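K.L.:
Sharing upload-v6.cif below, mmCIF, C-alpha atoms:
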```cif
data_final
loop_
_atom_site.label_atom_id
_atom_site.label_comp_id
_atom_site.auth_asym_id
_atom_site.auth_seq_id
_atom_site.Cartn_x
_atom_site.Cartn_y
_atom_site.Cartn_z
CA MET G 17 -32.94 16.21 40.27
CA VAL G 18 -36.16 14.25 40.27
CA ASP G 19 -35.70 10.54 39.85
CA PHE G 20 -37.79 8.87 37.18
CA SER G 21 -38.68 5.25 37.60
CA ILE G 22 -39.65 3.14 34.60
CA TRP G 23 -43.23 3.48 35.71
CA ASP G 24 -42.96 7.30 35.77
CA ILE G 25 -41.57 7.26 32.26
CA PHE G 26 -44.27 4.94 31.04
CA ARG G 27 -47.07 6.86 32.72
CA ASN G 28 -45.94 10.16 31.21
CA LEU G 29 -45.66 8.57 27.78
CA LEU G 30 -49.15 7.14 28.07
CA LEU G 31 -50.48 10.58 28.99
CA ALA G 32 -48.79 12.03 25.91
CA ALA G 33 -50.15 9.20 23.76
CA ARG G 34 -53.57 10.84 24.16
CA TRP G 35 -52.44 13.60 21.83
CA THR G 36 -51.09 11.12 19.32
CA VAL G 37 -54.49 9.44 19.29
CA ALA G 38 -56.34 12.77 19.10
CA LEU G 39 -54.22 14.05 16.23
CA SER G 40 -54.59 10.73 14.39
CA LEU G 41 -58.35 10.87 14.71
CA ILE G 42 -58.50 14.48 13.52
CA ALA G 43 -56.29 13.69 10.54
CA PHE G 44 -58.14 10.51 9.70
CA ALA G 45 -61.63 12.03 9.98
CA GLY G 46 -60.64 15.26 8.21
CA GLY G 47 -58.72 13.38 5.57
CA GLY G 48 -61.69 11.07 5.06
CA LEU G 49 -64.05 13.99 4.48
CA VAL G 50 -61.74 15.86 2.13
CA GLY G 51 -60.82 12.60 0.41
CA LEU G 52 -64.49 11.76 -0.14
CA GLY G 53 -65.08 15.20 -1.63
CA LEU G 54 -62.12 14.73 -3.95
CA LEU G 55 -63.34 11.27 -4.90
CA ILE G 56 -66.78 12.57 -5.86
CA ALA G 57 -65.25 15.45 -7.79
CA ARG G 58 -63.07 12.96 -9.62
CA LEU G 59 -65.95 10.62 -10.44
CA SER G 60 -68.14 13.43 -11.71
CA GLY G 61 -65.83 13.47 -14.73
CA LEU G 62 -65.53 17.24 -15.01
CA ARG G 63 -62.77 18.09 -17.39
CA GLY G 64 -59.61 19.38 -15.74
CA VAL G 65 -60.75 18.26 -12.30
CA GLN G 66 -59.32 14.79 -12.74
CA THR G 67 -55.92 16.08 -13.80
CA LEU G 68 -55.94 18.56 -10.95
CA ILE G 69 -56.69 15.90 -8.37
CA SER G 70 -54.09 13.48 -9.70
CA VAL G 71 -51.52 16.29 -9.46
CA TYR G 72 -52.69 16.89 -5.87
CA VAL G 73 -52.26 13.19 -5.05
CA GLN G 74 -48.86 13.02 -6.72
CA LEU G 75 -47.78 16.13 -4.83
CA PHE G 76 -48.59 14.66 -1.42
CA GLN G 77 -47.37 11.15 -2.19
CA GLY G 78 -44.15 12.33 -3.81
CA THR G 79 -42.92 14.69 -1.09
CA PRO G 80 -41.86 14.04 2.51
CA LEU G 81 -44.55 14.45 5.14
CA LEU G 82 -41.99 16.36 7.20
CA MET G 83 -41.72 19.02 4.49
CA GLN G 84 -45.52 19.20 4.28
CA LEU G 85 -45.64 19.86 8.01
CA PHE G 86 -43.02 22.60 7.77
CA LEU G 87 -44.86 24.17 4.84
CA ALA G 88 -48.14 24.16 6.75
CA TYR G 89 -46.43 25.61 9.79
CA PHE G 90 -44.68 28.46 7.97
CA GLY G 91 -47.27 28.78 5.21
CA ILE G 92 -50.18 29.56 7.52
CA ALA G 93 -48.01 32.02 9.42
CA LEU G 94 -47.35 33.78 6.12
CA PHE G 95 -50.97 34.93 6.03
CA GLY G 96 -50.42 36.70 9.33
CA ILE G 97 -52.33 34.07 11.25
CA ASN G 98 -50.73 33.02 14.47
CA THR G 99 -50.26 29.28 14.07
CA SER G 100 -50.04 26.77 16.80
CA ALA G 101 -48.44 23.39 16.23
CA TRP G 102 -51.94 21.93 16.69
CA VAL G 103 -53.37 23.79 13.69
CA ALA G 104 -50.37 23.22 11.46
CA ALA G 105 -50.16 19.52 12.25
CA SER G 106 -53.91 19.02 11.82
CA VAL G 107 -53.95 20.82 8.48
CA ALA G 108 -50.90 19.05 7.08
CA LEU G 109 -51.93 15.59 8.22
CA THR G 110 -55.51 16.10 7.03
CA LEU G 111 -54.35 17.05 3.54
CA TYR G 112 -51.82 14.22 3.54
CA SER G 113 -54.46 11.67 4.55
CA SER G 114 -56.96 13.02 2.04
CA ALA G 115 -54.52 12.48 -0.82
CA PHE G 116 -53.86 8.87 0.16
CA LEU G 117 -57.48 8.04 0.99
CA THR G 118 -58.87 9.49 -2.22
CA GLU G 119 -56.36 7.40 -4.18
CA ILE G 120 -57.22 4.22 -2.23
CA TRP G 121 -60.93 4.77 -2.71
CA ARG G 122 -60.57 5.58 -6.38
CA GLY G 123 -59.10 2.12 -6.84
CA CYS G 124 -62.04 0.60 -4.98
CA VAL G 125 -64.57 2.42 -7.13
CA ALA G 126 -62.65 1.42 -10.26
CA ALA G 127 -63.02 -2.21 -9.16
CA ILE G 128 -66.81 -1.92 -9.52
CA PRO G 129 -67.74 -3.22 -12.98
CA THR G 130 -68.90 -0.57 -15.47
CA GLY G 131 -72.09 -2.58 -15.94
CA GLN G 132 -73.19 -1.48 -12.48
CA TRP G 133 -72.96 2.19 -13.47
CA GLU G 134 -74.75 1.51 -16.74
CA ALA G 135 -77.48 -0.52 -15.07
CA ALA G 136 -78.02 2.28 -12.55
CA GLU G 137 -78.16 4.83 -15.33
CA SER G 138 -80.65 2.76 -17.30
CA LEU G 139 -82.90 2.87 -14.22
CA ALA G 140 -82.91 6.66 -14.64
CA LEU G 141 -80.89 7.28 -11.49
CA ASN G 142 -78.94 10.51 -11.63
CA PHE G 143 -75.24 10.76 -10.77
CA ALA G 144 -75.81 11.30 -7.05
CA GLU G 145 -78.27 8.41 -6.86
CA GLN G 146 -75.98 6.11 -8.83
CA LEU G 147 -73.24 6.81 -6.32
CA ARG G 148 -75.45 6.68 -3.25
CA TYR G 149 -77.45 3.53 -4.01
CA VAL G 150 -75.38 1.45 -6.39
CA VAL G 151 -71.67 2.17 -6.54
CA LEU G 152 -70.59 3.40 -3.10
CA PRO G 153 -72.23 0.60 -1.06
CA GLN G 154 -70.35 -1.96 -3.14
CA ALA G 155 -67.10 0.02 -3.16
CA LEU G 156 -67.33 0.50 0.61
CA ARG G 157 -66.99 -3.22 1.21
CA ILE G 158 -63.74 -3.40 -0.74
CA ALA G 159 -62.51 -0.13 0.74
CA ILE G 160 -62.64 -1.03 4.42
CA PRO G 161 -59.49 -3.22 4.75
CA PRO G 162 -57.05 -0.81 3.02
CA THR G 163 -58.64 2.16 4.80
CA VAL G 164 -58.12 0.55 8.19
CA GLY G 165 -54.57 -0.28 7.12
CA PHE G 166 -53.98 3.36 6.24
CA LEU G 167 -54.93 4.39 9.79
CA VAL G 168 -51.65 2.79 10.91
CA GLN G 169 -49.79 5.03 8.48
CA VAL G 170 -51.57 8.09 9.89
CA ILE G 171 -50.65 7.17 13.47
CA LYS G 172 -47.03 6.73 12.46
CA GLY G 173 -47.23 10.00 10.52
CA THR G 174 -48.25 11.95 13.63
CA ALA G 175 -44.82 11.16 15.09
CA LEU G 176 -43.38 13.72 12.66
CA ALA G 177 -45.52 16.45 14.20
CA SER G 178 -43.08 16.32 17.11
CA VAL G 179 -40.55 18.08 14.87
CA ILE G 180 -42.72 21.23 14.61
CA GLY G 181 -43.17 21.21 18.37
CA PHE G 182 -46.43 19.34 18.73
CA ILE G 183 -46.23 17.54 22.07
CA GLU G 184 -47.25 13.96 21.48
CA LEU G 185 -45.68 10.59 22.12
CA THR G 186 -42.38 11.13 20.30
CA LYS G 187 -41.90 14.68 21.58
CA ALA G 188 -42.69 13.51 25.10
CA GLY G 189 -40.07 10.81 24.64
CA THR G 190 -37.48 13.42 23.66
CA MET G 191 -38.41 15.64 26.60
CA ILE G 192 -38.26 12.77 29.08
CA THR G 193 -34.91 11.69 27.63
CA ASN G 194 -33.57 15.18 28.22
CA ALA G 195 -34.70 14.99 31.82
CA THR G 196 -33.61 11.45 32.62
CA PHE G 197 -30.64 10.75 30.32
CA LYS G 198 -32.04 7.29 29.69
CA PRO G 199 -32.58 7.34 25.92
CA PHE G 200 -32.44 3.58 25.53
CA VAL G 201 -35.24 2.92 27.99
CA VAL G 202 -37.35 5.89 26.96
CA TYR G 203 -37.26 5.28 23.22
CA SER G 204 -37.91 1.57 23.79
CA CYS G 205 -41.02 2.54 25.73
CA VAL G 206 -42.06 5.02 23.03
CA ALA G 207 -41.71 2.33 20.37
CA LEU G 208 -43.65 -0.06 22.54
CA VAL G 209 -46.58 2.35 22.93
CA TYR G 210 -46.68 2.96 19.17
CA PHE G 211 -46.58 -0.78 18.63
CA ALA G 212 -49.43 -1.29 21.08
CA LEU G 213 -51.46 1.32 19.17
CA CYS G 214 -50.68 0.13 15.66
CA PHE G 215 -50.32 -3.63 15.86
CA PRO G 216 -53.96 -4.42 16.76
CA ILE G 217 -55.10 -2.19 13.89
CA SER G 218 -52.70 -3.95 11.50
CA LEU G 219 -53.99 -7.32 12.61
CA TYR G 220 -57.58 -6.19 12.24
CA ALA G 221 -56.92 -4.88 8.73
CA LYS G 222 -55.28 -8.17 7.79
CA LYS G 223 -58.23 -10.11 9.19
CA LEU G 224 -60.72 -7.98 7.26
CA GLU G 225 -58.72 -8.50 4.10
CA ARG G 226 -58.71 -12.26 4.56
CA LYS G 227 -62.43 -12.30 5.28
CA PHE G 228 -63.10 -10.30 2.16
CA ASN G 229 -60.97 -12.57 -0.01
CA VAL G 230 -62.81 -15.63 1.26
CA GLN G 231 -66.18 -14.08 0.47
CA ARG G 232 -65.06 -13.44 -3.04
CA MET U 10 -52.27 42.32 2.88
CA ARG U 11 -49.49 41.35 0.53
CA ILE U 12 -47.33 38.31 0.76
CA GLN U 13 -43.85 38.76 -0.55
CA LEU U 14 -41.96 35.70 -1.54
CA ASP U 15 -38.28 35.81 -2.24
CA PHE U 16 -37.14 32.61 -3.88
CA LEU U 17 -33.87 34.13 -5.08
CA ALA U 18 -32.67 34.38 -1.51
CA VAL U 19 -33.06 30.62 -1.28
CA LEU U 20 -31.86 29.66 -4.73
CA SER U 21 -28.68 31.71 -4.31
CA GLN U 22 -27.71 29.14 -1.68
CA TRP U 23 -27.73 26.41 -4.30
CA PRO U 24 -24.40 24.84 -3.24
CA LEU U 25 -26.00 23.91 0.10
CA LEU U 26 -29.02 22.46 -1.67
CA ALA U 27 -26.84 20.52 -4.10
CA LYS U 28 -24.86 19.05 -1.24
CA GLY U 29 -28.12 18.12 0.46
CA VAL U 30 -29.36 16.37 -2.69
CA LEU U 31 -26.15 14.38 -2.91
CA TRP U 32 -26.46 13.28 0.72
CA THR U 33 -30.11 12.32 0.32
CA LEU U 34 -29.37 10.33 -2.83
CA GLY U 35 -26.25 8.76 -1.35
CA LEU U 36 -28.00 7.63 1.82
CA THR U 37 -30.89 6.28 -0.24
CA ALA U 38 -28.60 4.41 -2.64
CA ILE U 39 -26.62 2.69 0.12
CA ALA U 40 -29.70 1.93 2.19
CA SER U 41 -31.60 0.59 -0.85
CA VAL U 42 -28.90 -1.87 -1.87
CA ILE U 43 -28.36 -3.24 1.64
CA GLY U 44 -32.06 -3.02 2.51
CA VAL U 45 -33.20 -4.99 -0.55
CA LEU U 46 -30.51 -7.62 0.08
CA ALA U 47 -31.66 -7.86 3.69
CA GLY U 48 -35.21 -8.12 2.41
CA VAL U 49 -34.27 -11.01 0.12
CA ALA U 50 -32.50 -12.82 2.96
CA CYS U 51 -35.42 -12.30 5.35
CA ALA U 52 -37.96 -13.27 2.70
CA TRP U 53 -36.05 -16.51 2.20
CA ALA U 54 -35.99 -17.06 5.96
CA ARG U 55 -39.70 -16.40 6.22
CA SER U 56 -40.76 -18.67 3.40
CA GLN U 57 -38.21 -21.49 3.63
CA GLY U 58 -36.23 -21.08 6.83
CA PRO U 59 -36.56 -23.15 10.00
CA GLY U 60 -39.41 -22.41 12.40
CA TRP U 61 -37.54 -20.31 14.96
CA LEU U 62 -36.06 -18.15 12.19
CA ARG U 63 -39.46 -17.58 10.63
CA TRP U 64 -40.79 -16.45 13.98
CA THR U 65 -37.85 -14.10 14.64
CA VAL U 66 -38.08 -12.49 11.22
CA GLY U 67 -41.85 -12.19 11.64
CA CYS U 68 -41.35 -10.28 14.91
CA TYR U 69 -38.77 -7.99 13.27
CA VAL U 70 -41.10 -7.21 10.38
CA GLU U 71 -44.11 -6.47 12.58
CA LEU U 72 -42.08 -4.39 15.06
CA VAL U 73 -40.69 -2.18 12.30
CA ARG U 74 -43.92 -1.86 10.37
CA ASN U 75 -45.88 -0.77 13.42
CA THR U 76 -43.55 1.93 14.73
CA PRO U 77 -42.69 5.29 13.13
CA PHE U 78 -39.39 5.74 11.31
CA ILE U 79 -38.47 8.75 13.43
CA VAL U 80 -38.69 6.65 16.60
CA GLN U 81 -36.55 3.93 15.03
CA LEU U 82 -33.99 6.56 14.06
CA PHE U 83 -33.97 8.17 17.52
CA PHE U 84 -33.69 4.78 19.15
CA ILE U 85 -30.65 3.91 17.04
CA PHE U 86 -29.00 7.33 17.27
CA PHE U 87 -29.79 8.28 20.89
CA GLY U 88 -30.66 4.95 22.45
CA LEU U 89 -27.92 2.62 21.25
CA PRO U 90 -24.99 4.81 22.44
CA ALA U 91 -26.40 4.43 25.94
CA ALA U 92 -26.06 0.68 25.45
CA GLY U 93 -22.47 1.07 24.27
CA PHE U 94 -22.76 1.49 20.48
CA LYS U 95 -21.53 4.92 19.42
CA LEU U 96 -22.71 5.86 15.95
CA SER U 97 -22.19 8.87 13.72
CA PRO U 98 -25.42 10.51 12.46
CA GLU U 99 -24.77 9.24 8.95
CA VAL U 100 -24.20 5.64 10.01
CA ALA U 101 -27.21 5.75 12.33
CA SER U 102 -29.35 7.05 9.44
CA ILE U 103 -28.20 4.31 7.11
CA ILE U 104 -28.83 1.63 9.71
CA ALA U 105 -32.30 3.02 10.43
CA MET U 106 -33.14 3.17 6.72
CA VAL U 107 -31.84 -0.36 6.13
CA VAL U 108 -33.79 -1.73 9.08
CA ASN U 109 -36.92 0.06 7.91
CA LEU U 110 -36.66 -0.84 4.23
CA GLY U 111 -35.61 -4.40 5.06
CA ALA U 112 -38.85 -5.07 6.92
CA TYR U 113 -41.11 -3.76 4.17
CA ALA U 114 -39.00 -5.38 1.44
CA THR U 115 -39.30 -8.71 3.25
CA GLU U 116 -43.07 -8.64 3.00
CA ILE U 117 -43.03 -7.44 -0.61
CA ILE U 118 -40.49 -10.00 -1.83
CA ARG U 119 -42.14 -12.80 0.11
CA ALA U 120 -45.36 -12.09 -1.76
CA GLY U 121 -43.40 -12.52 -5.00
CA ILE U 122 -41.82 -15.76 -3.81
CA ASP U 123 -45.17 -17.16 -2.72
CA ALA U 124 -46.52 -16.46 -6.19
CA THR U 125 -43.89 -18.66 -7.84
CA PRO U 126 -45.50 -21.86 -9.14
CA LYS U 127 -44.36 -25.00 -7.33
CA GLY U 128 -43.60 -26.69 -10.64
CA GLN U 129 -40.72 -24.26 -11.18
CA VAL U 130 -39.02 -25.41 -7.99
CA GLU U 131 -39.66 -29.05 -8.81
CA ALA U 132 -38.28 -28.58 -12.32
CA ALA U 133 -35.12 -26.97 -10.87
CA MET U 134 -34.73 -29.82 -8.40
CA SER U 135 -35.10 -32.39 -11.16
CA LEU U 136 -32.24 -30.66 -12.97
CA ALA U 137 -30.13 -31.38 -9.87
CA LEU U 138 -29.85 -27.74 -8.78
CA GLY U 139 -29.13 -27.31 -5.08
CA ARG U 140 -31.48 -25.48 -2.73
CA ALA U 141 -29.44 -22.28 -2.84
CA GLN U 142 -29.11 -22.42 -6.63
CA THR U 143 -32.83 -23.04 -7.02
CA PHE U 144 -33.63 -20.05 -4.86
CA ILE U 145 -31.16 -17.62 -6.40
CA ARG U 146 -31.49 -18.66 -10.05
CA VAL U 147 -35.03 -19.97 -10.40
CA VAL U 148 -37.29 -18.55 -7.69
CA LEU U 149 -35.83 -15.11 -7.07
CA PRO U 150 -35.59 -13.48 -10.54
CA PRO U 151 -39.27 -13.88 -11.52
CA ALA U 152 -40.32 -13.03 -7.94
CA LEU U 153 -38.36 -9.76 -8.04
CA LYS U 154 -39.75 -9.02 -11.47
CA LYS U 155 -43.30 -9.39 -10.21
CA VAL U 156 -42.87 -7.15 -7.17
CA TRP U 157 -40.41 -4.64 -8.61
CA PRO U 158 -42.94 -1.77 -8.89
CA ALA U 159 -43.93 -2.21 -5.24
CA LEU U 160 -40.28 -2.40 -4.22
CA VAL U 161 -39.46 0.78 -6.13
CA GLY U 162 -42.39 2.49 -4.42
CA GLN U 163 -41.05 1.43 -1.03
CA ILE U 164 -37.54 2.67 -1.82
CA ILE U 165 -39.04 6.06 -2.67
CA ILE U 166 -41.04 6.09 0.57
CA VAL U 167 -37.80 5.43 2.46
CA MET U 168 -36.04 8.22 0.56
CA LEU U 169 -38.81 10.69 1.42
CA GLY U 170 -38.82 9.43 4.99
CA SER U 171 -35.10 10.10 5.22
CA ALA U 172 -35.96 13.82 5.44
CA VAL U 173 -36.16 13.15 9.17
CA CYS U 174 -32.42 12.35 9.24
CA GLY U 175 -31.80 16.10 9.01
CA GLN U 176 -33.07 16.24 12.59
CA ILE U 177 -30.01 14.34 13.81
CA SER U 178 -27.77 16.68 11.76
CA VAL U 179 -27.13 14.54 8.72
CA GLU U 180 -26.55 17.18 6.06
CA ASP U 181 -29.28 16.01 3.72
CA LEU U 182 -31.76 18.10 1.75
CA SER U 183 -34.07 18.83 4.68
CA TYR U 184 -31.07 19.91 6.74
CA ALA U 185 -30.03 22.27 3.94
CA ALA U 186 -33.52 23.79 3.90
CA ASN U 187 -33.39 24.30 7.66
CA LEU U 188 -29.93 25.82 7.47
CA ILE U 189 -30.96 28.23 4.72
CA GLN U 190 -34.06 29.39 6.56
CA SER U 191 -32.07 29.94 9.72
CA ARG U 192 -29.72 32.19 7.74
CA ASN U 193 -32.16 34.34 5.80
CA PHE U 194 -35.48 33.72 7.60
CA ARG U 195 -37.15 32.76 4.31
CA ALA U 196 -38.62 29.62 5.86
CA PHE U 197 -41.59 29.12 3.55
CA GLU U 198 -39.57 29.64 0.39
CA ALA U 199 -36.77 27.37 1.61
CA PHE U 200 -39.18 24.53 2.32
CA ILE U 201 -41.08 25.03 -0.94
CA VAL U 202 -37.83 24.72 -2.87
CA ALA U 203 -36.74 21.66 -0.88
CA THR U 204 -40.15 20.04 -1.29
CA LEU U 205 -40.09 20.53 -5.04
CA ILE U 206 -36.59 19.07 -5.20
CA TYR U 207 -37.82 16.05 -3.24
CA LEU U 208 -40.69 15.68 -5.71
CA ALA U 209 -38.28 15.82 -8.65
CA LEU U 210 -36.01 13.29 -6.95
CA ALA U 211 -38.92 10.94 -6.32
CA ILE U 212 -39.97 11.08 -9.98
CA ALA U 213 -36.38 10.69 -11.24
CA VAL U 214 -35.55 7.79 -8.91
CA ARG U 215 -38.76 5.99 -9.90
CA ARG U 216 -37.90 6.36 -13.59
CA LEU U 217 -34.32 5.25 -13.03
CA LEU U 218 -35.20 2.15 -11.02
CA THR U 219 -37.98 1.13 -13.38
CA TRP U 220 -35.45 1.38 -16.17
CA LEU U 221 -32.65 -0.39 -14.27
CA GLY U 222 -34.67 -3.31 -12.95
CA PRO U 223 -35.28 -5.25 -16.17
CA ARG U 224 -31.75 -4.59 -17.42
CA PHE U 225 -29.66 -5.64 -14.48
CA LEU U 226 -31.75 -7.57 -11.99
CA TRP U 227 -33.29 -10.35 -14.00
CA GLY U 228 -32.02 -9.83 -17.53
CA ARG U 229 -35.09 -9.22 -19.70
#
```
Could I get this file's structure written as structure tokens?

P.N.:
Amino acid sequence: MVDFSIWDIFRNLLLAARWTVALSLIAFAGGGLVGLGLLIARLSGLRGVQTLISVYVQLFQGTPLLMQLFLAYFGIALFGINTSAWVAASVALTLYSSAFLTEIWRGCVAAIPTGQWEAAESLALNFAEQLRYVVLPQALRIAIPPTVGFLVQVIKGTALASVIGFIELTKAGTMITNATFKPFVVYSCVALVYFALCFPISLYAKKLERKFNVQR
Amino acid sequence: MRIQLDFLAVLSQWPLLAKGVLWTLGLTAIASVIGVLAGVACAWARSQGPGWLRWTVGCYVELVRNTPFIVQLFFIFFGLPAAGFKLSPEVASIIAMVVNLGAYATEIIRAGIDATPKGQVEAAMSLALGRAQTFIRVVLPPALKKVWPALVGQIIIVMLGSAVCGQISVEDLSYAANLIQSRNFRAFEAFIVATLIYLALAIAVRRLLTWLGPRFLWGR
């Protein structure tokens, strides 16, 4: 049997952490795009769309992410497409993030006084221009701290992708445990790597929030 | 191409699902009670405790909030036995859920405590209430009232997160779904049914706790 030193364990975990970061970025970017689309659809005030989107949000916020991952994994396969864990995890986490982000951003847009919309309209700006030049720039400022904070939730969410066989930090931890029989050390290291990824982002989000509150 | 879904094959296994629901609810109930109590204790420590205690609790909160639940669970279930603590899957799940909820509840409840006007504490002191009495009878009830919606939301997040406990063979709802799909290969249907049950549970638990809070926690 090969002997693993603490350094070997740590090095292998760090290598696997790449995929945690990659999956987080995919989910965050994809979720941001879909979430923005949903936000605009919601703001456009089309009848039925708003109800539909709030059902969508409720659906993703009211069910376990693990089940969403399983559904993506087996659901895509149902269409006869050969799914990899990569595709399933990306799809599930993207949709999950989009639901949360669109809800966060809706709150930020709602915080913009109605007078701003009305003023923009009275200047003969159309809906797209009102959003582009008046509302979104102001909403963006409020939106940054909670959005950065949500990134932590996405990173932690990617840990569940290990269950459908996506090899990232947690899965690597399980595999190394099976090889070394040192679960205490390995899972401590796994937790430490997650902490090293998430804690700076948490701090940064907190700092942004404080800065914003002072400005106000 | 046609997709054939067979939900009856899943629903006919309803005793398994019912058992899973009971486990999920049971774990959540136990973990919520202990977790919220732990949260209250830690919130007290963080806002009024001595310096070293504040620091320790702060580390606990940040450590838990910045690591995934599944890693916490695996650490407790697989890691602790290596250090000499043997735990059954159910006990490990409850501990993990308590540890997780406790950290988030600490932050939530502390926000409520911080929002209590200082005059309230001074008024209690002037009525010769002790420190413990002041905290439990004067500061805590309105603080809990203020943050109750956030606390209920967190309890539901922990309940949904507990789906992972099926991975260490706790026979909860997610475990039931896995068992059913391994028997009849109706994976998609099994997980759809389980997901919808989770959704219903989340809605029901939110209603229940929103109703319970004002009646039993701080007496209208």

K.L.:
Report as a PDB file with C-alpha atoms, keeping the file's coordinate frame the set of chain G residues whose atoms approach chain U to within 8 Å, with distances computed over only C-alpha atoms.

P.N.:
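Listing of selection-v5.pdb after writing:
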```pdb
ATOM      1  CA  LEU G  75     -47.780  16.130  -4.830  1.00  0.00           C
ATOM      2  CA  GLY G  78     -44.150  12.330  -3.810  1.00  0.00           C
ATOM      3  CA  THR G  79     -42.920  14.690  -1.090  1.00  0.00           C
ATOM      4  CA  PRO G  80     -41.860  14.040   2.510  1.00  0.00           C
ATOM      5  CA  LEU G  81     -44.550  14.450   5.140  1.00  0.00           C
ATOM      6  CA  LEU G  82     -41.990  16.360   7.200  1.00  0.00           C
ATOM      7  CA  MET G  83     -41.720  19.020   4.490  1.00  0.00           C
ATOM      8  CA  GLN G  84     -45.520  19.200   4.280  1.00  0.00           C
ATOM      9  CA  PHE G  86     -43.020  22.600   7.770  1.00  0.00           C
ATOM     10  CA  LEU G  87     -44.860  24.170   4.840  1.00  0.00           C
ATOM     11  CA  PHE G  90     -44.680  28.460   7.970  1.00  0.00           C
ATOM     12  CA  GLY G  91     -47.270  28.780   5.210  1.00  0.00           C
ATOM     13  CA  LEU G  94     -47.350  33.780   6.120  1.00  0.00           C
ATOM     14  CA  PHE G  95     -50.970  34.930   6.030  1.00  0.00           C
ATOM     15  CA  VAL G 168     -51.650   2.790  10.910  1.00  0.00           C
ATOM     16  CA  LYS G 172     -47.030   6.730  12.460  1.00  0.00           C
ATOM     17  CA  GLY G 173     -47.230  10.000  10.520  1.00  0.00           C
ATOM     18  CA  ALA G 175     -44.820  11.160  15.090  1.00  0.00           C
ATOM     19  CA  LEU G 176     -43.380  13.720  12.660  1.00  0.00           C
ATOM     20  CA  THR G 186     -42.380  11.130  20.300  1.00  0.00           C
ATOM     21  CA  LYS G 198     -32.040   7.290  29.690  1.00  0.00           C
ATOM     22  CA  PRO G 199     -32.580   7.340  25.920  1.00  0.00           C
ATOM     23  CA  PHE G 200     -32.440   3.580  25.530  1.00  0.00           C
ATOM     24  CA  VAL G 201     -35.240   2.920  27.990  1.00  0.00           C
ATOM     25  CA  TYR G 203     -37.260   5.280  23.220  1.00  0.00           C
ATOM     26  CA  SER G 204     -37.910   1.570  23.790  1.00  0.00           C
ATOM     27  CA  VAL G 206     -42.060   5.020  23.030  1.00  0.00           C
ATOM     28  CA  ALA G 207     -41.710   2.330  20.370  1.00  0.00           C
ATOM     29  CA  TYR G 210     -46.680   2.960  19.170  1.00  0.00           C
ATOM     30  CA  PHE G 211     -46.580  -0.780  18.630  1.00  0.00           C
ATOM     31  CA  CYS G 214     -50.680   0.130  15.660  1.00  0.00           C
ATOM     32  CA  PHE G 215     -50.320  -3.630  15.860  1.00  0.00           C
ATOM     33  CA  SER G 218     -52.700  -3.950  11.500  1.00  0.00           C
TER      34      SER G 218
END
```

K.L.:
Anything within 12 Å of (-33.3, 6.9, -10.0): list those residues as a PyMOL selection string, counting all atoms listed in the file and sticking to the file's coordinates.

P.N.:
chain U and resi 34-35+37-38+41+161-162+164-165+168+209-222

K.L.:
Take the PyMOL selection byres ((chain U and resi 106) around 8), apply it to the structure above, and return the hits as an MDAnalysis selection string.

P.N.:
chainID U and resid 37 40 44 102:105 107:110 167 171

K.L.:
Any chance you could work out the residue set of the PyMOL selection byres ((chain G and resi 51) around 9) here, as a PyMOL selection string?

P.N.:
chain G and resi 46-50+52-56+111+113-119+121

K.L.:
Taking into account only C-alpha atoms, which residue in the set G:Ala126, G:Leu141, G:Ala188, G:Leu213 is nearest to Leu59 in chain G?

P.N.:
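Closest residue, counting only C-alpha atoms: G:Ala126.
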
K.L.:
I need the residue nearest Val179 in chain G from this list: G:Ala104, G:Ile217, G:Val71, G:Ala32. Use all atoms listed in the file for the distance.

P.N.:
G:Ala104

K.L.:
Output the residue selection produced by the PyMOL selection byres ((chain G and resi 181) around 12) on the file above, formatted as a compact mmCIF listing (two decimals) with C-alpha atoms, keeping the file's coordinate frame.

P.N.:
```txt
# COMPACT_ATOMS: atom_id res chain seq x y z
CA LEU G 85 -45.64 19.86 8.01
CA PHE G 86 -43.02 22.60 7.77
CA TYR G 89 -46.43 25.61 9.79
CA THR G 99 -50.26 29.28 14.07
CA SER G 100 -50.04 26.77 16.80
CA ALA G 101 -48.44 23.39 16.23
CA TRP G 102 -51.94 21.93 16.69
CA VAL G 103 -53.37 23.79 13.69
CA ALA G 104 -50.37 23.22 11.46
CA ALA G 105 -50.16 19.52 12.25
CA THR G 174 -48.25 11.95 13.63
CA ALA G 175 -44.82 11.16 15.09
CA LEU G 176 -43.38 13.72 12.66
CA ALA G 177 -45.52 16.45 14.20
CA SER G 178 -43.08 16.32 17.11
CA VAL G 179 -40.55 18.08 14.87
CA ILE G 180 -42.72 21.23 14.61
CA PHE G 182 -46.43 19.34 18.73
CA ILE G 183 -46.23 17.54 22.07
CA GLU G 184 -47.25 13.96 21.48
CA LEU G 185 -45.68 10.59 22.12
CA THR G 186 -42.38 11.13 20.30
CA LYS G 187 -41.90 14.68 21.58
CA ALA G 188 -42.69 13.51 25.10
CA THR G 190 -37.48 13.42 23.66
CA MET G 191 -38.41 15.64 26.60
```

K.L.:
Adding 8 Å on each side of the box along x, y and z that holds all listed atoms of range 153-168 of chain G, could you give its centre and edge lengths in Å to one decimal, as lines of an AutoDock Vina configuration file?

P.N.:
```
center_x = -61.9
center_y = 0.5
center_z = 3.9
size_x = 36.6
size_y = 23.8
size_z = 30.1
```

K.L.:
With distances taken over only C-alpha atoms, which of U:Ala141, U:Ala124, U:Val100, U:Val49 is nearest to Leu36 in chain U?

P.N.:
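Ranking U:Ala141, U:Ala124, U:Val100, U:Val49 by distance to Leu36 in chain U, first place goes to U:Val100.
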